[in-house]
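Here is query34.cif, consisting of mmCIF, C-alpha atoms and all ligand atoms:
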```cif
data_model
#
loop_
_atom_site.label_atom_id
_atom_site.label_comp_id
_atom_site.auth_asym_id
_atom_site.auth_seq_id
_atom_site.Cartn_x
_atom_site.Cartn_y
_atom_site.Cartn_z
CA MET Q 1 64.13 -84.92 -31.84
CA ALA Q 2 65.94 -81.91 -33.34
CA SER Q 3 69.70 -82.35 -33.70
CA ASN Q 4 70.38 -79.26 -31.61
CA HIS Q 5 68.33 -80.57 -28.69
CA PHE Q 6 70.20 -82.16 -25.78
CA ASP Q 7 69.19 -83.86 -22.56
CA ILE Q 8 71.83 -81.86 -20.75
CA VAL Q 9 73.92 -78.83 -21.64
CA VAL Q 10 77.11 -78.37 -19.61
CA VAL Q 11 78.47 -74.81 -19.63
CA GLY Q 12 82.24 -74.66 -19.01
CA ALA Q 13 84.85 -77.25 -20.02
CA GLY Q 14 87.32 -77.06 -17.15
CA ALA Q 15 88.01 -80.10 -14.98
CA LEU Q 16 84.55 -80.11 -13.41
CA GLY Q 17 82.45 -79.54 -16.55
CA THR Q 18 84.38 -82.02 -18.67
CA SER Q 19 84.06 -84.63 -15.92
CA CYS Q 20 80.30 -84.11 -15.56
CA ALA Q 21 79.76 -84.22 -19.32
CA TYR Q 22 81.70 -87.48 -19.62
CA GLU Q 23 79.98 -89.15 -16.67
CA LEU Q 24 76.54 -88.28 -18.07
CA ALA Q 25 77.38 -89.36 -21.62
CA LYS Q 26 78.64 -92.64 -20.17
CA HIS Q 27 75.14 -93.14 -18.78
CA ASN Q 28 73.61 -92.66 -22.23
CA HIS Q 29 72.45 -89.08 -21.84
CA LYS Q 30 72.65 -86.82 -24.86
CA VAL Q 31 75.14 -84.19 -23.68
CA ALA Q 32 76.55 -80.96 -25.13
CA LEU Q 33 79.59 -79.29 -23.56
CA PHE Q 34 80.25 -75.62 -24.31
CA ASP Q 35 83.28 -73.47 -23.62
CA GLN Q 36 84.00 -69.87 -24.51
CA PHE Q 37 87.61 -70.91 -25.28
CA SER Q 38 89.16 -74.05 -26.65
CA ALA Q 39 90.02 -76.28 -23.69
CA PRO Q 40 92.54 -76.89 -22.25
CA HIS Q 41 93.29 -73.17 -22.08
CA HIS Q 42 95.22 -70.93 -19.71
CA PHE Q 43 92.48 -68.47 -18.73
CA GLY Q 44 90.68 -70.55 -16.08
CA SER Q 45 91.67 -72.80 -13.18
CA SER Q 46 92.38 -76.14 -14.86
CA TYR Q 47 95.82 -75.46 -16.26
CA GLY Q 48 99.48 -75.81 -15.30
CA GLU Q 49 100.54 -79.37 -15.97
CA THR Q 50 99.85 -81.05 -12.60
CA ARG Q 51 97.52 -81.10 -9.58
CA LEU Q 52 98.08 -82.71 -6.22
CA PHE Q 53 96.07 -85.65 -5.03
CA ARG Q 54 96.27 -86.31 -1.28
CA GLN Q 55 93.85 -87.73 1.25
CA ALA Q 56 95.10 -86.75 4.72
CA TYR Q 57 93.19 -83.48 4.52
CA PHE Q 58 94.19 -80.99 7.18
CA GLU Q 59 91.62 -78.53 5.84
CA ASP Q 60 88.43 -80.39 6.80
CA GLU Q 61 87.90 -84.05 7.46
CA ARG Q 62 84.42 -84.05 5.90
CA TYR Q 63 86.26 -84.24 2.56
CA ILE Q 64 88.15 -87.42 3.44
CA PRO Q 65 85.42 -89.95 2.50
CA PHE Q 66 85.08 -88.11 -0.84
CA LEU Q 67 88.84 -88.39 -1.34
CA LYS Q 68 88.82 -92.09 -0.62
CA GLU Q 69 86.14 -92.55 -3.27
CA SER Q 70 87.95 -90.19 -5.67
CA TYR Q 71 91.10 -92.31 -5.35
CA GLU Q 72 89.18 -95.37 -6.57
CA LEU Q 73 87.39 -93.38 -9.29
CA TRP Q 74 90.64 -91.99 -10.74
CA LYS Q 75 91.85 -95.57 -11.12
CA ILE Q 76 88.60 -96.49 -12.90
CA TRP Q 77 88.93 -93.50 -15.22
CA GLU Q 78 92.52 -94.44 -15.98
CA THR Q 79 91.24 -97.82 -17.15
CA GLU Q 80 88.35 -96.32 -19.10
CA PHE Q 81 90.63 -93.78 -20.80
CA ALA Q 82 93.56 -96.23 -21.14
CA VAL Q 83 96.09 -93.61 -19.94
CA ASP Q 84 98.15 -92.96 -16.79
CA LEU Q 85 96.54 -89.95 -15.15
CA PHE Q 86 97.74 -90.42 -11.58
CA HIS Q 87 101.41 -90.60 -10.58
CA GLU Q 88 101.58 -92.04 -7.11
CA THR Q 89 104.82 -90.45 -5.92
CA GLY Q 90 103.85 -90.00 -2.26
CA TYR Q 91 103.46 -86.58 -0.62
CA LEU Q 92 106.17 -85.52 1.82
CA THR Q 93 105.41 -82.67 4.20
CA PHE Q 94 108.26 -81.06 6.13
CA PHE Q 95 107.26 -79.33 9.34
CA ASP Q 96 108.60 -78.00 12.62
CA GLN Q 97 107.32 -78.77 16.11
CA GLU Q 98 104.69 -76.05 16.08
CA SER Q 99 103.04 -76.73 12.75
CA ASP Q 100 99.23 -76.84 13.15
CA ILE Q 101 98.86 -78.15 9.59
CA ALA Q 102 101.09 -81.12 10.29
CA LEU Q 103 99.26 -81.88 13.53
CA LYS Q 104 95.86 -81.89 11.83
CA MET Q 105 97.16 -83.85 8.84
CA THR Q 106 98.74 -86.63 10.90
CA GLN Q 107 95.75 -86.80 13.28
CA ASN Q 108 93.39 -87.19 10.34
CA ALA Q 109 95.64 -89.76 8.66
CA LYS Q 110 95.52 -91.87 11.81
CA LYS Q 111 91.80 -91.45 12.37
CA TRP Q 112 90.92 -92.32 8.75
CA SER Q 113 93.53 -95.09 8.30
CA ILE Q 114 95.38 -93.26 5.54
CA SER Q 115 98.75 -94.88 5.11
CA GLY Q 116 101.93 -92.89 5.50
CA ALA Q 117 105.24 -92.79 7.34
CA HIS Q 118 106.71 -90.43 9.94
CA TYR Q 119 110.38 -89.49 9.63
CA ASN Q 120 112.70 -88.00 12.21
CA ASN Q 121 115.37 -85.55 11.12
CA LYS Q 122 118.07 -88.16 10.56
CA GLN Q 123 115.78 -90.42 8.52
CA LEU Q 124 114.62 -87.48 6.40
CA LYS Q 125 118.20 -86.59 5.52
CA GLN Q 126 119.03 -90.16 4.59
CA LYS Q 127 115.94 -90.92 2.56
CA PHE Q 128 115.43 -87.60 0.78
CA PRO Q 129 118.89 -86.26 -0.17
CA MET Q 130 117.47 -83.94 -2.83
CA PHE Q 131 116.25 -81.60 -0.06
CA THR Q 132 118.48 -79.56 2.24
CA ILE Q 133 116.92 -80.17 5.64
CA ASN Q 134 117.64 -78.11 8.75
CA SER Q 135 117.96 -79.95 12.02
CA SER Q 136 114.65 -78.84 13.58
CA LEU Q 137 112.49 -80.46 10.90
CA ARG Q 138 110.52 -83.66 10.83
CA GLY Q 139 108.44 -85.14 8.06
CA TYR Q 140 105.39 -87.14 7.16
CA CYS Q 141 104.97 -88.85 3.81
CA GLU Q 142 101.48 -89.91 2.71
CA GLU Q 143 101.90 -93.06 0.68
CA HIS Q 144 99.01 -93.14 -1.80
CA ALA Q 145 99.30 -89.49 -2.80
CA GLY Q 146 100.86 -87.89 -5.84
CA PHE Q 147 99.90 -85.82 -8.83
CA LEU Q 148 97.36 -85.85 -11.63
CA ASN Q 149 98.27 -84.97 -15.21
CA VAL Q 150 95.96 -82.05 -16.00
CA ASN Q 151 96.18 -81.77 -19.79
CA LEU Q 152 96.22 -85.49 -20.41
CA PHE Q 153 93.14 -85.81 -18.24
CA LEU Q 154 91.22 -83.07 -20.05
CA LYS Q 155 92.19 -84.33 -23.49
CA SER Q 156 91.39 -87.98 -22.71
CA CYS Q 157 88.11 -87.12 -21.02
CA LEU Q 158 87.01 -85.04 -24.02
CA LYS Q 159 87.97 -87.83 -26.38
CA GLN Q 160 85.93 -90.35 -24.38
CA LEU Q 161 83.02 -87.93 -24.13
CA ILE Q 162 82.92 -87.64 -27.91
CA SER Q 163 83.23 -91.40 -28.33
CA LYS Q 164 80.13 -91.78 -26.14
CA GLY Q 165 78.17 -89.48 -28.44
CA GLY Q 166 78.73 -86.22 -26.54
CA LYS Q 167 79.01 -83.00 -28.56
CA VAL Q 168 81.67 -80.41 -27.78
CA PHE Q 169 81.34 -76.76 -28.79
CA PHE Q 170 84.53 -74.77 -28.26
CA ASN Q 171 85.08 -71.04 -28.79
CA GLU Q 172 81.35 -70.66 -28.27
CA LYS Q 173 80.33 -68.64 -25.26
CA VAL Q 174 76.91 -69.31 -23.73
CA CYS Q 175 75.31 -65.87 -23.58
CA SER Q 176 71.88 -66.60 -22.12
CA TRP Q 177 69.32 -69.26 -21.33
CA LYS Q 178 65.53 -69.01 -21.23
CA LYS Q 179 62.96 -71.30 -19.66
CA GLU Q 180 60.43 -72.52 -22.20
CA GLN Q 181 57.30 -74.57 -21.86
CA GLN Q 182 59.50 -77.63 -22.04
CA GLY Q 183 63.13 -77.23 -21.09
CA TYR Q 184 65.37 -74.31 -22.01
CA GLN Q 185 66.57 -72.38 -24.98
CA ILE Q 186 70.31 -71.78 -24.87
CA THR Q 187 71.72 -68.89 -26.86
CA THR Q 188 75.42 -68.84 -27.63
CA GLU Q 189 77.58 -66.48 -29.67
CA LYS Q 190 76.97 -68.77 -32.64
CA GLY Q 191 73.43 -70.13 -32.41
CA ASN Q 192 70.47 -71.50 -30.49
CA TYR Q 193 70.10 -74.89 -28.86
CA SER Q 194 67.55 -76.48 -26.59
CA CYS Q 195 67.89 -78.81 -23.64
CA ASP Q 196 66.07 -80.31 -20.67
CA LYS Q 197 68.65 -79.54 -18.02
CA ILE Q 198 71.69 -77.29 -17.57
CA ILE Q 199 74.86 -77.70 -15.52
CA PHE Q 200 76.91 -74.56 -14.91
CA THR Q 201 80.57 -75.36 -14.28
CA VAL Q 202 81.90 -71.95 -15.25
CA GLY Q 203 84.68 -71.62 -12.64
CA ALA Q 204 85.51 -68.00 -11.82
CA TRP Q 205 82.92 -66.76 -14.33
CA LEU Q 206 80.22 -67.77 -11.84
CA ARG Q 207 80.97 -64.40 -10.27
CA ASN Q 208 79.24 -62.78 -13.27
CA LEU Q 209 76.10 -64.96 -13.04
CA THR Q 210 74.54 -63.15 -10.12
CA SER Q 211 71.03 -64.29 -11.07
CA LEU Q 212 72.18 -67.85 -10.27
CA CYS Q 213 74.60 -67.30 -7.43
CA GLU Q 214 74.51 -64.48 -4.92
CA MET Q 215 77.43 -65.83 -2.93
CA LYS Q 216 80.49 -63.65 -2.68
CA LEU Q 217 83.31 -65.18 -4.69
CA THR Q 218 86.85 -63.88 -4.54
CA ILE Q 219 89.03 -64.53 -7.56
CA ARG Q 220 92.76 -64.61 -6.86
CA ARG Q 221 95.91 -65.22 -8.86
CA GLY Q 222 97.64 -68.52 -8.17
CA VAL Q 223 101.12 -68.44 -9.65
CA GLN Q 224 102.88 -71.71 -10.40
CA PHE Q 225 106.65 -71.55 -10.92
CA TRP Q 226 108.97 -74.03 -12.60
CA VAL Q 227 112.73 -74.29 -12.00
CA ASP Q 228 115.37 -76.55 -13.52
CA VAL Q 229 116.90 -79.06 -11.14
CA PRO Q 230 120.73 -79.09 -10.95
CA PRO Q 231 122.02 -82.10 -12.94
CA LEU Q 232 123.62 -83.89 -9.97
CA LEU Q 233 120.52 -83.88 -7.78
CA PRO Q 234 118.48 -87.14 -7.67
CA LYS Q 235 115.54 -86.76 -10.06
CA LYS Q 236 113.15 -89.13 -8.32
CA MET Q 237 111.29 -87.39 -5.53
CA PRO Q 238 107.82 -87.28 -4.02
CA CYS Q 239 105.43 -84.36 -4.25
CA PHE Q 240 106.32 -82.17 -1.30
CA ALA Q 241 105.26 -79.35 1.01
CA PHE Q 242 107.09 -77.04 3.37
CA ALA Q 243 104.66 -76.22 6.16
CA THR Q 244 105.28 -73.51 8.72
CA ASN Q 245 102.68 -71.73 10.76
CA LYS Q 246 103.17 -68.69 8.52
CA ASP Q 247 103.27 -70.27 5.09
CA TYR Q 248 102.75 -73.39 3.05
CA VAL Q 249 104.66 -73.95 -0.16
CA PHE Q 250 104.02 -77.11 -2.13
CA GLY Q 251 105.65 -78.67 -5.14
CA PHE Q 252 105.91 -81.42 -7.71
CA PRO Q 253 108.81 -83.50 -9.01
CA SER Q 254 110.15 -82.78 -12.44
CA PHE Q 255 107.57 -84.16 -14.82
CA SER Q 256 107.99 -82.47 -18.17
CA LYS Q 257 111.13 -80.74 -19.39
CA LYS Q 258 110.12 -77.67 -17.39
CA GLY Q 259 111.65 -78.87 -14.08
CA ILE Q 260 110.09 -79.00 -10.62
CA LYS Q 261 107.00 -76.92 -9.95
CA ILE Q 262 106.50 -74.89 -6.77
CA ALA Q 263 103.64 -72.67 -5.61
CA SER Q 264 102.26 -71.05 -2.49
CA TYR Q 265 99.10 -72.51 -0.98
CA HIS Q 266 97.98 -68.97 -0.19
CA PRO Q 267 96.97 -67.24 -3.41
CA SER Q 268 97.95 -63.61 -3.77
CA ASN Q 269 96.37 -60.65 -5.53
CA THR Q 270 92.74 -60.49 -6.64
CA VAL Q 271 91.73 -60.59 -10.31
CA ASP Q 272 89.33 -57.99 -11.68
CA ASP Q 273 89.18 -58.79 -15.39
CA LEU Q 274 88.79 -62.53 -15.92
CA ASP Q 275 89.23 -62.41 -19.69
CA LYS Q 276 92.48 -60.45 -19.69
CA ALA Q 277 95.65 -62.49 -20.31
CA ARG Q 278 97.88 -62.73 -17.22
CA GLU Q 279 101.33 -62.64 -18.72
CA SER Q 280 103.60 -61.73 -15.85
CA TYR Q 281 104.20 -62.45 -12.18
CA THR Q 282 105.22 -59.95 -9.53
CA LYS Q 283 108.44 -60.00 -7.52
CA GLU Q 284 106.37 -60.43 -4.35
CA GLU Q 285 104.62 -63.51 -5.78
CA TRP Q 286 107.93 -65.20 -6.57
CA ASN Q 287 109.56 -64.13 -3.28
CA ALA Q 288 106.66 -65.56 -1.27
CA VAL Q 289 107.54 -68.96 -2.72
CA ARG Q 290 111.29 -68.55 -3.00
CA ASP Q 291 111.89 -67.35 0.56
CA LEU Q 292 110.64 -70.62 2.02
CA ALA Q 293 111.56 -73.00 -0.81
CA SER Q 294 115.20 -71.82 -0.99
CA GLN Q 295 115.76 -73.17 2.54
CA PHE Q 296 115.20 -76.64 1.06
CA PHE Q 297 116.65 -75.94 -2.38
CA PRO Q 298 119.57 -73.52 -1.80
CA TRP Q 299 120.31 -73.68 -5.54
CA LEU Q 300 117.01 -71.97 -6.47
CA PRO Q 301 117.68 -69.29 -9.09
CA LEU Q 302 116.89 -65.63 -8.46
CA THR Q 303 114.18 -65.79 -11.08
CA PRO Q 304 112.10 -68.83 -12.09
CA ASP Q 305 112.66 -70.53 -15.44
CA ASN Q 306 108.97 -70.63 -16.20
CA PHE Q 307 105.64 -69.66 -14.66
CA HIS Q 308 101.91 -69.75 -15.20
CA VAL Q 309 99.23 -67.62 -13.57
CA CYS Q 310 96.09 -69.63 -12.83
CA ILE Q 311 92.99 -68.40 -11.00
CA TYR Q 312 91.43 -69.50 -7.76
CA THR Q 313 87.67 -69.12 -7.24
CA LEU Q 314 87.37 -68.79 -3.48
CA THR Q 315 84.16 -69.06 -1.52
CA SER Q 316 84.27 -67.39 1.89
CA ASP Q 317 84.54 -70.76 3.71
CA GLU Q 318 86.57 -72.42 0.92
CA ASP Q 319 83.98 -75.19 0.57
CA PHE Q 320 82.79 -75.97 -2.95
CA ILE Q 321 79.42 -74.97 -4.40
CA LEU Q 322 77.04 -77.70 -5.50
CA ASP Q 323 73.39 -76.73 -5.55
CA TYR Q 324 70.26 -76.34 -7.62
CA SER Q 325 69.43 -72.92 -8.87
CA LYS Q 326 66.76 -71.17 -6.80
CA ASN Q 327 63.33 -72.81 -7.44
CA ASP Q 328 64.59 -74.81 -10.40
CA ARG Q 329 65.69 -78.42 -10.13
CA ASN Q 330 66.69 -78.51 -13.80
CA ILE Q 331 69.64 -76.19 -13.33
CA ILE Q 332 72.60 -77.02 -11.13
CA LEU Q 333 75.75 -75.11 -10.23
CA LEU Q 334 79.07 -76.79 -9.49
CA GLY Q 335 82.12 -74.69 -8.70
CA GLY Q 336 83.82 -72.57 -6.06
CA GLY Q 337 86.85 -74.86 -6.38
CA SER Q 338 88.75 -72.71 -3.84
CA GLY Q 339 92.13 -74.07 -4.88
CA HIS Q 340 91.40 -77.74 -4.15
CA ALA Q 341 88.66 -79.17 -6.39
CA PHE Q 342 90.58 -80.81 -9.21
CA LYS Q 343 91.27 -84.03 -7.33
CA PHE Q 344 87.54 -84.47 -6.64
CA SER Q 345 86.50 -84.20 -10.31
CA PRO Q 346 85.34 -87.81 -10.86
CA PHE Q 347 83.63 -87.92 -7.46
CA LEU Q 348 81.70 -84.68 -8.00
CA ALA Q 349 80.74 -85.73 -11.54
CA LYS Q 350 79.42 -89.04 -10.25
CA GLN Q 351 77.38 -87.28 -7.56
CA VAL Q 352 75.83 -84.89 -10.07
CA SER Q 353 75.04 -87.73 -12.42
CA ASP Q 354 73.40 -89.69 -9.58
CA PHE Q 355 71.02 -87.13 -8.12
CA PHE Q 356 70.58 -84.33 -10.66
CA ILE Q 357 69.05 -86.41 -13.45
CA CYS Q 358 66.22 -87.59 -11.19
CA GLY Q 359 65.86 -84.17 -9.53
CA LYS Q 360 66.55 -85.70 -6.11
CA ASP Q 361 67.57 -83.69 -3.04
CA ILE Q 362 71.23 -82.89 -2.61
CA PRO Q 363 72.57 -85.85 -0.58
CA GLN Q 364 73.01 -85.20 3.13
CA ASN Q 365 76.81 -85.57 3.07
CA LEU Q 366 77.07 -82.87 0.38
CA GLN Q 367 74.70 -80.41 2.06
CA PHE Q 368 77.61 -78.24 3.19
CA PHE Q 369 78.19 -77.39 -0.51
CA THR Q 370 74.74 -75.86 -0.99
CA LEU Q 371 74.42 -72.13 -1.60
CA ARG Q 372 74.95 -70.34 1.68
C1 LIG Q 401 97.44 -72.41 -8.84
C2 LIG Q 401 96.42 -73.46 -8.54
C3 LIG Q 401 96.81 -74.66 -7.98
C4 LIG Q 401 95.87 -75.63 -7.70
N1 LIG Q 401 96.28 -76.81 -7.16
C5 LIG Q 401 95.38 -77.80 -6.95
C6 LIG Q 401 95.83 -79.07 -6.52
O1 LIG Q 401 97.03 -79.29 -6.33
N2 LIG Q 401 94.90 -80.05 -6.35
C7 LIG Q 401 93.56 -79.84 -6.56
O2 LIG Q 401 92.77 -80.77 -6.37
N3 LIG Q 401 93.12 -78.63 -7.00
C8 LIG Q 401 93.98 -77.63 -7.20
N4 LIG Q 401 93.57 -76.42 -7.66
C9 LIG Q 401 92.13 -76.19 -7.89
C10 LIG Q 401 91.64 -76.75 -9.18
O3 LIG Q 401 92.60 -76.57 -10.22
C11 LIG Q 401 90.33 -76.07 -9.55
O4 LIG Q 401 89.44 -76.17 -8.43
C12 LIG Q 401 89.67 -76.72 -10.74
O5 LIG Q 401 90.57 -76.76 -11.83
C13 LIG Q 401 88.44 -75.89 -11.09
O6 LIG Q 401 87.92 -76.29 -12.32
P1 LIG Q 401 86.58 -75.66 -12.89
O7 LIG Q 401 86.12 -76.60 -13.94
O8 LIG Q 401 85.64 -75.34 -11.77
O9 LIG Q 401 87.00 -74.23 -13.48
P2 LIG Q 401 87.77 -73.84 -14.82
O10 LIG Q 401 88.86 -74.77 -15.10
O11 LIG Q 401 88.13 -72.40 -14.70
O12 LIG Q 401 86.67 -74.02 -15.95
C14 LIG Q 401 85.59 -73.15 -16.13
C15 LIG Q 401 85.34 -73.05 -17.62
O13 LIG Q 401 84.11 -72.37 -17.87
C16 LIG Q 401 84.27 -71.66 -19.09
N5 LIG Q 401 83.20 -70.66 -19.17
C17 LIG Q 401 82.94 -69.67 -18.30
N6 LIG Q 401 81.85 -68.97 -18.67
C18 LIG Q 401 81.41 -69.52 -19.83
C19 LIG Q 401 80.33 -69.24 -20.72
N7 LIG Q 401 79.46 -68.26 -20.48
N8 LIG Q 401 80.19 -70.00 -21.83
C20 LIG Q 401 81.06 -71.02 -22.10
N9 LIG Q 401 82.10 -71.32 -21.28
C21 LIG Q 401 82.27 -70.60 -20.15
C22 LIG Q 401 85.66 -71.10 -18.97
O14 LIG Q 401 86.19 -70.72 -20.22
C23 LIG Q 401 86.42 -72.27 -18.35
O15 LIG Q 401 87.00 -73.10 -19.33
C24 LIG Q 401 94.49 -75.40 -7.95
C25 LIG Q 401 94.09 -74.19 -8.52
C26 LIG Q 401 95.04 -73.22 -8.81
C27 LIG Q 401 94.58 -71.95 -9.41
#
```
Written as structure tokens, that's how I'd like the structure from this file.
Ligand SMILES: Cc1cc2nc3c(=O)[nH]c(=O)nc-3n(C[C@H](O)[C@H](O)[C@H](O)COP(=O)(O)OP(=O)(O)OC[C@H]3O[C@@H](n4cnc5c(N)ncnc54)[C@H](O)[C@@H]3O)c2cc1C
Amino acid sequence: MASNHFDIVVVGAGALGTSCAYELAKHNHKVALFDQFSAPHHFGSSYGETRLFRQAYFEDERYIPFLKESYELWKIWETEFAVDLFHETGYLTFFDQESDIALKMTQNAKKWSISGAHYNNKQLKQKFPMFTINSSLRGYCEEHAGFLNVNLFLKSCLKQLISKGGKVFFNEKVCSWKKEQQGYQITTEKGNYSCDKIIFTVGAWLRNLTSLCEMKLTIRRGVQFWVDVPPLLPKKMPCFAFATNKDYVFGFPSFSKKGIKIASYHPSNTVDDLDKARESYTKEEWNAVRDLASQFFPWLPLTPDNFHVCIYTLTSDEDFILDYSKNDRNIILLGGGSGHAFKFSPFLAKQVSDFFICGKDIPQNLQFFTLR
């Protein structure tokens, strides 16, 4: 077989593509992973140090069984990669009486036996002195939640992919693909390859592939801010969220030297040019986070110490996309991360590896991800 022929070509080396490529290589498939940049890079969605992992989903309880499986799979990947990817800090949500998010979250935690603890105002103040807590607030801390180390994950996963015989082609954009008598010809900026099957995990760039996906995708800026913590404040803290009925700001404990990270759950302005560097944030973007976060951290500076602009690929219902291309069971699309897909990476990769290789139907429990 020619050396530039692969069983499977994966286009896009963000969290989802890298995971799929690794999972398939682990099952002895000859895999090639392409990216137009050199991953990890700051143009797509899989960047910015950390991502939350939590299971008491207030968004939609159909995701909860997937999260339970993801939790186990992350542990398996940590063993396979021999690195600590998941930091189980707990996830503390502050909320007032009227918070719909908190209601849904705690109802789902109870229904799905997800362990966590409720705190009244006095207990919150005693146990979490790093937050300034006004007297109307209560809290819920999910126990087996925390954050994933983004760059370490991508780097380790790539390393393992290569050790399993996978080939990685960076700074090589896939320009086109053509069905041949047997399989496909893939044309990149640098050459031609052939393969039997293709997985498109191109993140926001799926918007440009209208022949594959007619769904409307909205690309928005998601700005992550870092601030230094005052020296006297306790350093050890859980991941956290401030939930009101108007806004939802979430954050991470200090992990690198950059300080704590805070961001709004509601992404802001849309992005027109995906390939243009996003080198600044707007005052409105920072204020949307600062206005709420400064109630808990009165020491927050007027400007952040650091920031990164990531991009969200939002489907209209915020459910992911996982489906075969129209009339072709040898091409599959995985994306539409909608601001919450990172934590599902090993689960989604395992699903793809299970049904795509045999050309089976999309499993019933994942049908709500099909193109709609
Ligand atoms: C600010 C922010 C916060 C988030 N927080 C969380 C969180 O706490 N928890 C969570 O679970 N999720 C979170 N998410 C969502 C999560 O990060 C994304 O869903 C996930 O990273 C999406 O990964 P991806 O692989 O689909 O896309 P990407 O990481 O964007 O990867 C797509 C890749 O495809 C490549 N590509 C595109 N076209 C081509 C081509 N033609 N040829 C070659 N390569 C190509 C791109 O260069 C890119 O590397 C957050 C997202 C944002 C923006």
Residues of segment 230-286 of chain Q that have any atom at most 12 Å from an atom of segment 103-111 of chain Q: could you tabulate them with the shortest-distance atom pair and the distance in Å to one decimal, using all atoms listed in the file, ordered by chain and increasing number, as JSON lines?
```
{"residue": "Q:Ala243", "atom": "CA", "partner": "Q:Leu103", "partner_atom": "CA", "distance": 10.7}
{"residue": "Q:Thr244", "atom": "CA", "partner": "Q:Leu103", "partner_atom": "CA", "distance": 11.4}
{"residue": "Q:Asn245", "atom": "CA", "partner": "Q:Leu103", "partner_atom": "CA", "distance": 11.1}
```
| Contacts to ligand LIG 401 (chain Q) at 6 Å cut-off (only C-alpha atoms and all ligand atoms) as number ranges by chain | Q: 11-17, 34-37, 44-46, 51-53, 173-175, 201-205, 222-224, 310-312, 335, 337-343
| Hey, which of Q:Asp305, Q:Asp317, Q:Asp196, Q:Glu80 ends up closest to Lys258 of chain Q? Count only C-alpha atoms. |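 Looking only at the distances to Lys258 of chain Q, the closest residue turns out to be Q:Asp305.
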| Between Q:Lys216, Q:Lys326, Q:Arg138, Q:His87, which has the minimum distance to Val150 of chain Q (counting only C-alpha atoms)? | Q:His87
| task | Just give me the gap between atom CA of Leu152 of chain Q and atom CA of Ile219 of chain Q in Å, one decimal is fine. | result | 25.6 Å
| request: For Phe369 of chain Q, list every protein, DNA or RNA residue within 6 Å, evaluated using only C-alpha atoms, and leave out those in the same chain fewer than 3 positions away; present the list as a ChimeraX atom specification. | output: /Q:320-322,366
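Considering the residues Q:Tyr265, Q:Gln182, Q:Phe297, Q:Thr187 and counting all atoms listed in the file, Val227 of chain Q has its shortest atom-to-atom contact with Q:Phe297.
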| request: Please identify all polymer residues within 8 Å of segment 142-145 of chain Q, counting all atoms listed in the file, omitting same-chain residues fewer than 3 positions from it, and present them as a list of chain:residue names. | output: Q:Leu52, Q:Phe53, Q:Arg54, Q:Gln55, Q:Ala56, Q:Glu88, Q:Thr89, Q:Gly90, Q:Tyr91, Q:Leu92, Q:Ile114, Q:Ser115, Q:Gly116, Q:Ala117
Next, dump the selected residues to file, keeping only C-alpha atoms, as a PDB file, in the coordinates of the input.
```
ATOM      1  CA  LEU Q  52      98.080 -82.710  -6.220  1.00  0.00           C
ATOM      2  CA  PHE Q  53      96.070 -85.650  -5.030  1.00  0.00           C
ATOM      3  CA  ARG Q  54      96.270 -86.310  -1.280  1.00  0.00           C
ATOM      4  CA  GLN Q  55      93.850 -87.730   1.250  1.00  0.00           C
ATOM      5  CA  ALA Q  56      95.100 -86.750   4.720  1.00  0.00           C
ATOM      6  CA  GLU Q  88     101.580 -92.040  -7.110  1.00  0.00           C
ATOM      7  CA  THR Q  89     104.820 -90.450  -5.920  1.00  0.00           C
ATOM      8  CA  GLY Q  90     103.850 -90.000  -2.260  1.00  0.00           C
ATOM      9  CA  TYR Q  91     103.460 -86.580  -0.620  1.00  0.00           C
ATOM     10  CA  LEU Q  92     106.170 -85.520   1.820  1.00  0.00           C
ATOM     11  CA  ILE Q 114      95.380 -93.260   5.540  1.00  0.00           C
ATOM     12  CA  SER Q 115      98.750 -94.880   5.110  1.00  0.00           C
ATOM     13  CA  GLY Q 116     101.930 -92.890   5.500  1.00  0.00           C
ATOM     14  CA  ALA Q 117     105.240 -92.790   7.340  1.00  0.00           C
TER      15      ALA Q 117
END
```
| query | Neighbours of Thr218 of chain Q within 8 Å (only C-alpha atoms; same-chain residues fewer than 2 positions away dropped), as number ranges by chain? | reply | Q: 216, 220, 270, 312-316
Export of prior selection with C-alpha atoms as a PDB file, keeping the file's coordinate frame:
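Here's the written file selection_0.pdb:
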```
ATOM      1  CA  LYS Q 216      80.490 -63.650  -2.680  1.00  0.00           C
ATOM      2  CA  ARG Q 220      92.760 -64.610  -6.860  1.00  0.00           C
ATOM      3  CA  THR Q 270      92.740 -60.490  -6.640  1.00  0.00           C
ATOM      4  CA  TYR Q 312      91.430 -69.500  -7.760  1.00  0.00           C
ATOM      5  CA  THR Q 313      87.670 -69.120  -7.240  1.00  0.00           C
ATOM      6  CA  LEU Q 314      87.370 -68.790  -3.480  1.00  0.00           C
ATOM      7  CA  THR Q 315      84.160 -69.060  -1.520  1.00  0.00           C
ATOM      8  CA  SER Q 316      84.270 -67.390   1.890  1.00  0.00           C
TER       9      SER Q 316
END
```
| query | When you draw a straight line from atom CA of Phe147 of chain Q to atom CA of Leu85 of chain Q, how long is it in Å? | reply |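 Value for the atom CA of Phe147 of chain Q-atom CA of Leu85 of chain Q distance: 8.3 Å.
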| task | Would you work out the distance separating atom CA of Cys157 of chain Q from atom CA of Trp77 of chain Q, expressed in Å to one decimal? | result |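 So the answer is 8.7 Å.
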| Quick one: residues within 12 Å of Lys283 of chain Q, all atoms listed in the file counted, chain neighbours fewer than 2 positions away excluded, as a PyMOL selection string? | chain Q and resi 223+268+280-281+285-291+302-304
